[in-house]
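Here is the structure we will look at, set down as structure tokens.
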Amino acid sequence: MNAPGVAPDSILYYKPQTAGNVILGVLYGLVSIGLWYHLTSRRDWWALCLPIGTTLQCIGFFLRLPLATHPANLGLYIVQTFFVVISPCALFAFSYIAFGRFSYNLQHDTTIQKRSPKVTLLNPLLFGRIFILSDVATFLIQASGGSMEVSASLSGIGSKIFLIGIIAQGVSYGIFMVCAIYTHWVVSADGAEQHPLHRNIQKLFWVLHVAGVWIIVRSVYRIIELAQGFRGFLFTHESENDDIARNAIRKARAMYADNLFLLA
């Protein structure tokens with residue numbers, strides 16, 4: 001049973017809200033413009049996935065507008081879902097690459113007081129490869145589940161597969177956060193505050209941690225949402241509840257936008 005006001009033939013079980021999608025689409029667009037300008041002017045090509053992610057999310061929000069008036073359009077639904085699902089993957093990829101570069105520099109800076117000569121639980125050069133591969137795997141799981149959801153006979157299995165992908169993505173990021181917390185602890189030894197870059201180092205770590213909290217909030221929300229099913233309360237009350245997940249990921253991206261400028 002769809003939410004009130006939703007057409008019987010609608011692929012979605014809720015009606016996307018025009019105002020919310022326009023506002024968030026514009027905000028993501030403005031952030032994307034700033035990131036693209038920063039990236040091209042400074043040639044920080046290693047961070048390319050961040051503006052790509054915000055741009056995809058911007059497009060995803062605006063694609064929900066025609067979906068509200070054409071709720072049975074399968075092609076439009078697939079494209080919109082692709083943009084929304086892949087966008088967080090780009091954000092995560094940026095965090096993995098940025099932290100790998102950051103921890104590599106910390107590892108080789110002999111002037112910083114450390115609790116251990118090894119500042120990371122993994123080789124800093126492997127962070128991007130390992131966790132990005134994990135992200136690709138979880139994205140493929142979500143994509144396969146999402147493609148099955150549009151079929152009435154396979155929607156139940158599809159939602160479960162999609163849920164598995166979201167859980168795996170959350171677990172992967174949780175492991176990454178454990179690695180980041182460990183590195184923060186290692187470089188916060190007694191006497192480390194005497195280093196001229198100590199404040200900047202601490203700021204970067206706290207940006208990472210706070211952004212990580214919002215990402216985890218978003219993941220938990222999505223897990224609960226999918227566990228209830230596509231006819232559950234959260235899906236059928238999108239206008240009231242979807243702002244929680246949106247705000248979480250939006251604030252996380254704002255944090256990572258700051259992170260990009262700090263690491264430049």
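By order in the structure tokens, chains are A, B, ...; within a chain, residues start at 1; ligands start at 1, following the order shown.
Omitting range 92-100 of chain A and its sequence neighbours fewer than 6 positions away, and counting only C-alpha atoms, the residues within 6 Å are Cys49, Leu50, Pro124, Leu125, Phe127, Gly128 and Ile132 of chain A.
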How would the residues just picked look written out with C-alpha atoms as a short mmCIF file (atom, residue, chain, number, x, y, z; two decimals), in the first residue's frame?
```
data_model
loop_
_atom_site.label_atom_id
_atom_site.label_comp_id
_atom_site.auth_asym_id
_atom_site.auth_seq_id
_atom_site.Cartn_x
_atom_site.Cartn_y
_atom_site.Cartn_z
CA CYS A 49 35.97 12.15 -6.38
CA LEU A 50 34.66 14.77 -3.90
CA PRO A 124 49.01 4.27 4.36
CA LEU A 125 49.42 3.63 0.64
CA PHE A 127 44.03 2.74 2.45
CA GLY A 128 42.61 4.03 -0.80
CA ILE A 132 37.65 1.88 -2.38
#
```
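Summary of the local environment: counting only C-alpha atoms, residues at most 10 Å from Ile112 in chain A, other than itself and those fewer than 3 positions away along its chain, are Leu106, Gln107, His108, Asp109, Arg115, Val187, Ser188, Ala189, Gly191, Ala192, Glu193, Gln194, His195, Pro196, Leu197 and His198 of chain A.
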Margin query: If we count only C-alpha atoms and set the cut-off at 12 Å, which residues sit around range 141-146 of chain A, ignoring sequence neighbours fewer than 5 positions away in its own chain? Please answer as a PyMOL selection string.
Written below: chain A and resi 11+74+77-86+89+134-136+151+154-169+226+230
Selection file, N, CA and C atoms, as a compact mmCIF listing (two decimals), in the first residue's frame:
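The result, stored in part.txt:
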```txt
# COMPACT_ATOMS: atom_id res chain seq x y z
N ILE A 11 6.34 3.64 -8.98
CA ILE A 11 7.44 2.78 -8.55
C ILE A 11 7.80 3.09 -7.11
N LEU A 74 10.24 3.97 -15.29
CA LEU A 74 11.29 3.08 -14.78
C LEU A 74 12.69 3.60 -15.10
N TYR A 77 13.63 6.43 -12.85
CA TYR A 77 13.86 5.92 -11.49
C TYR A 77 15.24 5.30 -11.37
N ILE A 78 15.63 4.50 -12.37
CA ILE A 78 16.94 3.83 -12.32
C ILE A 78 18.07 4.85 -12.35
N VAL A 79 17.97 5.86 -13.22
CA VAL A 79 19.02 6.89 -13.32
C VAL A 79 19.11 7.68 -12.01
N GLN A 80 17.96 8.08 -11.47
CA GLN A 80 17.95 8.85 -10.23
C GLN A 80 18.54 8.05 -9.07
N THR A 81 18.17 6.78 -8.99
CA THR A 81 18.70 5.92 -7.93
C THR A 81 20.21 5.74 -8.07
N PHE A 82 20.68 5.60 -9.30
CA PHE A 82 22.12 5.45 -9.55
C PHE A 82 22.89 6.65 -9.00
N PHE A 83 22.42 7.86 -9.29
CA PHE A 83 23.10 9.06 -8.82
C PHE A 83 23.11 9.14 -7.29
N VAL A 84 21.98 8.82 -6.68
CA VAL A 84 21.87 8.94 -5.23
C VAL A 84 22.71 7.89 -4.52
N VAL A 85 22.78 6.67 -5.08
CA VAL A 85 23.53 5.58 -4.44
C VAL A 85 25.03 5.76 -4.61
N ILE A 86 25.47 6.19 -5.80
CA ILE A 86 26.91 6.28 -6.05
C ILE A 86 27.53 7.51 -5.39
N CYS A 89 29.36 6.89 -2.18
CA CYS A 89 30.57 6.11 -2.46
C CYS A 89 31.73 7.04 -2.82
N SER A 134 36.33 -2.02 -1.40
CA SER A 134 35.21 -2.38 -0.54
C SER A 134 33.97 -1.58 -0.93
N ASP A 135 34.16 -0.29 -1.19
CA ASP A 135 33.05 0.57 -1.61
C ASP A 135 32.44 0.11 -2.93
N VAL A 136 33.32 -0.26 -3.87
CA VAL A 136 32.83 -0.73 -5.18
C VAL A 136 32.00 -1.99 -5.00
N SER A 151 10.85 -5.03 -9.73
CA SER A 151 10.03 -6.18 -10.12
C SER A 151 9.17 -6.61 -8.93
N LEU A 154 10.28 -9.85 -7.34
CA LEU A 154 11.63 -9.89 -6.75
C LEU A 154 11.89 -8.76 -5.77
N SER A 155 10.89 -7.91 -5.53
CA SER A 155 11.12 -6.73 -4.69
C SER A 155 11.54 -7.09 -3.27
N GLY A 156 10.98 -8.18 -2.73
CA GLY A 156 11.34 -8.59 -1.37
C GLY A 156 12.80 -9.00 -1.28
N ILE A 157 13.24 -9.82 -2.23
CA ILE A 157 14.65 -10.25 -2.26
C ILE A 157 15.55 -9.05 -2.55
N GLY A 158 15.12 -8.19 -3.46
CA GLY A 158 15.91 -7.01 -3.81
C GLY A 158 16.15 -6.10 -2.63
N SER A 159 15.11 -5.88 -1.82
CA SER A 159 15.26 -5.00 -0.66
C SER A 159 16.23 -5.59 0.35
N LYS A 160 16.22 -6.92 0.49
CA LYS A 160 17.15 -7.58 1.42
C LYS A 160 18.59 -7.46 0.92
N ILE A 161 18.79 -7.64 -0.38
CA ILE A 161 20.14 -7.50 -0.95
C ILE A 161 20.64 -6.07 -0.80
N PHE A 162 19.74 -5.11 -1.06
CA PHE A 162 20.11 -3.71 -0.91
C PHE A 162 20.49 -3.42 0.54
N LEU A 163 19.74 -3.98 1.48
CA LEU A 163 20.03 -3.80 2.90
C LEU A 163 21.40 -4.37 3.26
N ILE A 164 21.72 -5.54 2.71
CA ILE A 164 23.04 -6.14 2.95
C ILE A 164 24.14 -5.20 2.47
N GLY A 165 23.94 -4.59 1.30
CA GLY A 165 24.92 -3.65 0.77
C GLY A 165 25.12 -2.45 1.66
N ILE A 166 24.02 -1.90 2.20
CA ILE A 166 24.11 -0.74 3.10
C ILE A 166 24.83 -1.12 4.39
N ILE A 167 24.51 -2.29 4.94
CA ILE A 167 25.16 -2.74 6.18
C ILE A 167 26.65 -2.93 5.94
N ALA A 168 27.01 -3.58 4.83
CA ALA A 168 28.42 -3.81 4.52
C ALA A 168 29.17 -2.49 4.35
N GLN A 169 28.52 -1.52 3.73
CA GLN A 169 29.14 -0.20 3.55
C GLN A 169 29.37 0.47 4.90
N LEU A 226 15.46 0.51 5.47
CA LEU A 226 15.37 -0.66 4.59
C LEU A 226 14.89 -1.90 5.33
N PHE A 230 10.05 -1.34 1.88
CA PHE A 230 9.68 -0.19 1.06
C PHE A 230 8.24 0.27 1.31
```
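Of the residues under consideration (A:Ile130, A:Phe102, A:Ile215, A:Pro117), A:Phe102 shows the shortest atom-to-atom contact distance to Gln202 in chain A when counting only C-alpha atoms.
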Checklist line | CA of Ala72 in chain A to CA of Gln17 in chain A, distance in Å rounded to a single decimal | finding: 16.4 Å
Notebook entry, point to check: With distances taken over only C-alpha atoms, which of A:Phe176, A:Trp185, A:Tyr37, A:Phe62 is nearest to Gly212 in chain A?
Noted result: A:Phe176
